[in-house]
Amino acid sequence: MISGAPASGKGTQCELIVTKYGLVHISTGDLLRQEVAAGTEIGNKAKEFMNAGGLVPDEIVTSMVAARLSLEDAKQNGWLLDGYPRSLTQAESLEKMQIRPDVYIVLDVPDEILIDRCVGRRLDPVTGKIYHQKFFPPETKEIKARLITRPDDTQEKVLSRLSIYKQNADAVSSSYSNITNKIDGSRHKEEVFKDIESLLTQLQQNKVKIVNSGEKPILDLKKGPASLIQLVTG
Ligand code: AP5
């Protein structure tokens, strides 16, 4: 699971993690934006909350996540949950479903950097790739011409999203205190990824030991969709 304030770099790190480890990336923000773009009932309900920089009601998001986690690819390849749970109620819903991550990564970034990152963010609607006007400009003029800005990426809405994040962050992390790893997300994305990589490599090694020794897992692996264990067995 990966967590952090708006624009802390969750999506950017998930692109790198998925490329290396082949996990199924489940981003509630992306799933909701797809529903909005398709004009579905869920999308129409979610739109006003998202555009105002608020949270979409728990019941909408939770059923969407549960449905996605139950698909075969997530069970087979393992999953990487991004942007969920975002409230204590959501964390409790996962616990009830006995869904627990192997590791809970929190990207830590100071507020002033977050605002700059949000306001300069651009998305490629064709590839889904994340760019930044200053930090990660598009590779070609053709890509530049088709980039879009998210409606919730204005300074005012970022401040509201940040405040909501801060209100919920402690309650959510308390659910995962024994598996939390805070990482300094203010550095270059490759440096941030190095830390994540070494964490996941260590996790893999632990699991190899567990598989080889037949011992009880060091990490608390409850039942539910397979997660990083697939890195070892798959
Ligand atoms: P969501 O899409 O999840 O938004 P968020 O959490 O605010 O996170 P962001 O997508 O803004 O940022 P990110 O951390 O992925 O950063 P990124 O990698 O893009 O959710 C959107 C909305 O959906 C919510 O506000 C809410 O309404 C709703 N929602 C979603 N989940 C919900 C839930 N569980 N419950 C209820 N409602 C929910 O990077 C940002 C920018 O910085 C980019 O331009 C990138 O290029 C740049 N960047 C990244 N890393 C670096 C770096 N190391 N150095 C320099 N620049 C960097």
# chains A, B, ... in the order shown; residues from 1 in each chain; ligands from 1

$ residues_near_ligand --ligand "ligand 1" --cutoff "6 Å" --atoms "only C-alpha atoms and all ligand atoms" --output "ChimeraX atom specification"
/A:5-12,28-30,49-50,53-58,61,83-86,117-118,120-122,130-132,135-136,161,185-189

$ residues_around --residues "Gln155 in chain A" --least-positions-apart "4" --cutoff "9 Å" --atoms "only C-alpha atoms" --output "list of chain:residue names"
A:Ile115, A:Asp116, A:Cys118, A:Val119, A:Leu159, A:Ser160

$ select_by_dssp --residues "range 109-228 of chain A" --states "strand (DSSP E)" --output "list in words"
Arg121, Arg122, Leu123, Ile130, Tyr131, His132, Thr180, Asn181, Lys182, Ile183 and Asp184 of chain A

$ select_by_dssp --residues "range 43-174 of chain A" --states "helix (DSSP H, G or I)" --output "ChimeraX atom specification"
/A:43-51,58-69,72-77,88-96,111-120,141-146,155-174

$ closest_residue --among "A:Val126, A:Leu88, A:Ile42, A:Ala66" --to "Ala145 in chain A" --atoms "only C-alpha atoms"
A:Val126

$ residues_around --residues "range 13-27 of chain A" --least-positions-apart "5" --cutoff "8 Å" --atoms "only C-alpha atoms" --output "ChimeraX atom specification"
/A:65,68,73-74,77-84,189,192-193,197,228,231

$ residues_around --residues "Ser173 in chain A" --least-positions-apart "5" --cutoff "12 Å" --atoms "only C-alpha atoms" --output "JSON, numbers by chain"
{"A": [1, 2, 3, 4, 84, 85, 86, 87, 88, 90, 91, 92, 103, 104, 105, 106, 165, 166, 167, 168, 178, 179, 180, 181, 182]}

$ write_last_selection --atoms "N, CA, C and O atoms" --output "tab-separated table (two decimals), in the first residue's frame"
chain	number	residue	atom	x	y	z
A	1	MET	N	0.84	-1.18	0.00
A	1	MET	CA	0.00	0.00	0.00
A	1	MET	C	0.87	1.23	0.00
A	1	MET	O	1.89	1.25	0.69
A	2	ILE	N	0.47	2.23	-0.76
A	2	ILE	CA	1.26	3.46	-0.78
A	2	ILE	C	0.35	4.63	-0.44
A	2	ILE	O	-0.78	4.72	-0.92
A	3	SER	N	0.87	5.49	0.44
A	3	SER	CA	0.06	6.60	0.93
A	3	SER	C	0.91	7.87	0.96
A	3	SER	O	2.13	7.82	0.80
A	4	GLY	N	0.25	8.99	1.16
A	4	GLY	CA	0.96	10.27	1.20
A	4	GLY	C	0.01	11.37	0.78
A	4	GLY	O	-1.05	11.11	0.20
A	84	TYR	N	-6.00	4.50	-1.10
A	84	TYR	CA	-7.03	3.82	-0.30
A	84	TYR	C	-6.31	2.94	0.71
A	84	TYR	O	-5.35	2.27	0.32
A	85	PRO	N	-6.67	2.89	1.99
A	85	PRO	CA	-7.74	3.63	2.64
A	85	PRO	C	-7.31	5.06	2.94
A	85	PRO	O	-6.15	5.35	3.18
A	86	ARG	N	-8.29	5.95	2.95
A	86	ARG	CA	-8.03	7.36	3.18
A	86	ARG	C	-8.77	7.86	4.42
A	86	ARG	O	-8.75	9.05	4.70
A	87	SER	N	-9.44	6.98	5.10
A	87	SER	CA	-10.13	7.34	6.35
A	87	SER	C	-10.13	6.11	7.23
A	87	SER	O	-9.92	4.98	6.73
A	88	LEU	N	-10.39	6.33	8.52
A	88	LEU	CA	-10.42	5.20	9.45
A	88	LEU	C	-11.50	4.20	9.03
A	88	LEU	O	-11.30	2.99	9.06
A	90	GLN	N	-12.55	3.53	6.08
A	90	GLN	CA	-12.09	2.71	4.95
A	90	GLN	C	-11.09	1.65	5.42
A	90	GLN	O	-11.12	0.51	4.97
A	91	ALA	N	-10.20	2.04	6.35
A	91	ALA	CA	-9.22	1.07	6.86
A	91	ALA	C	-9.96	-0.06	7.58
A	91	ALA	O	-9.60	-1.24	7.45
A	92	GLU	N	-11.00	0.30	8.33
A	92	GLU	CA	-11.77	-0.73	9.05
A	92	GLU	C	-12.50	-1.65	8.07
A	92	GLU	O	-12.63	-2.85	8.31
A	103	VAL	N	3.18	-4.25	3.34
A	103	VAL	CA	3.94	-3.07	3.75
A	103	VAL	C	3.09	-1.83	3.46
A	103	VAL	O	2.32	-1.80	2.50
A	104	TYR	N	3.23	-0.82	4.34
A	104	TYR	CA	2.48	0.43	4.18
A	104	TYR	C	3.51	1.55	4.03
A	104	TYR	O	4.21	1.90	4.98
A	105	ILE	N	3.63	2.06	2.80
A	105	ILE	CA	4.63	3.08	2.52
A	105	ILE	C	3.98	4.47	2.58
A	105	ILE	O	2.93	4.69	1.97
A	106	VAL	N	4.61	5.37	3.34
A	106	VAL	CA	4.11	6.74	3.40
A	106	VAL	C	5.15	7.67	2.80
A	106	VAL	O	6.30	7.71	3.26
A	165	TYR	N	-6.40	15.45	4.03
A	165	TYR	CA	-5.39	14.39	4.21
A	165	TYR	C	-4.85	14.42	5.64
A	165	TYR	O	-4.77	13.40	6.32
A	166	LYS	N	-4.52	15.64	6.11
A	166	LYS	CA	-3.93	15.76	7.46
A	166	LYS	C	-4.91	15.34	8.55
A	166	LYS	O	-4.51	14.78	9.56
A	167	GLN	N	-6.19	15.62	8.32
A	167	GLN	CA	-7.20	15.23	9.33
A	167	GLN	C	-7.28	13.71	9.49
A	167	GLN	O	-7.61	13.20	10.55
A	168	ASN	N	-7.00	12.98	8.39
A	168	ASN	CA	-7.20	11.52	8.41
A	168	ASN	C	-5.92	10.70	8.55
A	168	ASN	O	-5.98	9.52	8.88
A	178	ASN	N	2.58	-1.29	12.57
A	178	ASN	CA	3.67	-2.29	12.61
A	178	ASN	C	4.29	-2.56	11.24
A	178	ASN	O	5.32	-3.22	11.14
A	179	ILE	N	3.68	-2.05	10.18
A	179	ILE	CA	4.25	-2.30	8.84
A	179	ILE	C	4.47	-0.99	8.08
A	179	ILE	O	4.61	-0.97	6.87
A	180	THR	N	4.50	0.14	8.83
A	180	THR	CA	4.65	1.45	8.18
A	180	THR	C	6.12	1.76	7.89
A	180	THR	O	6.99	1.55	8.74
A	181	ASN	N	6.39	2.27	6.70
A	181	ASN	CA	7.72	2.75	6.33
A	181	ASN	C	7.58	4.14	5.74
A	181	ASN	O	7.01	4.29	4.65
A	182	LYS	N	8.10	5.12	6.47
A	182	LYS	CA	8.01	6.50	5.99
A	182	LYS	C	9.24	6.77	5.12
A	182	LYS	O	10.37	6.48	5.52

$ atom_distance --atom1 "CA of Tyr176 in chain A" --atom2 "CA of Leu107 in chain A"
14.5 Å

$ atom_distance --atom1 "CA of Ser93 in chain A" --atom2 "CA of Leu203 in chain A"
25.2 Å
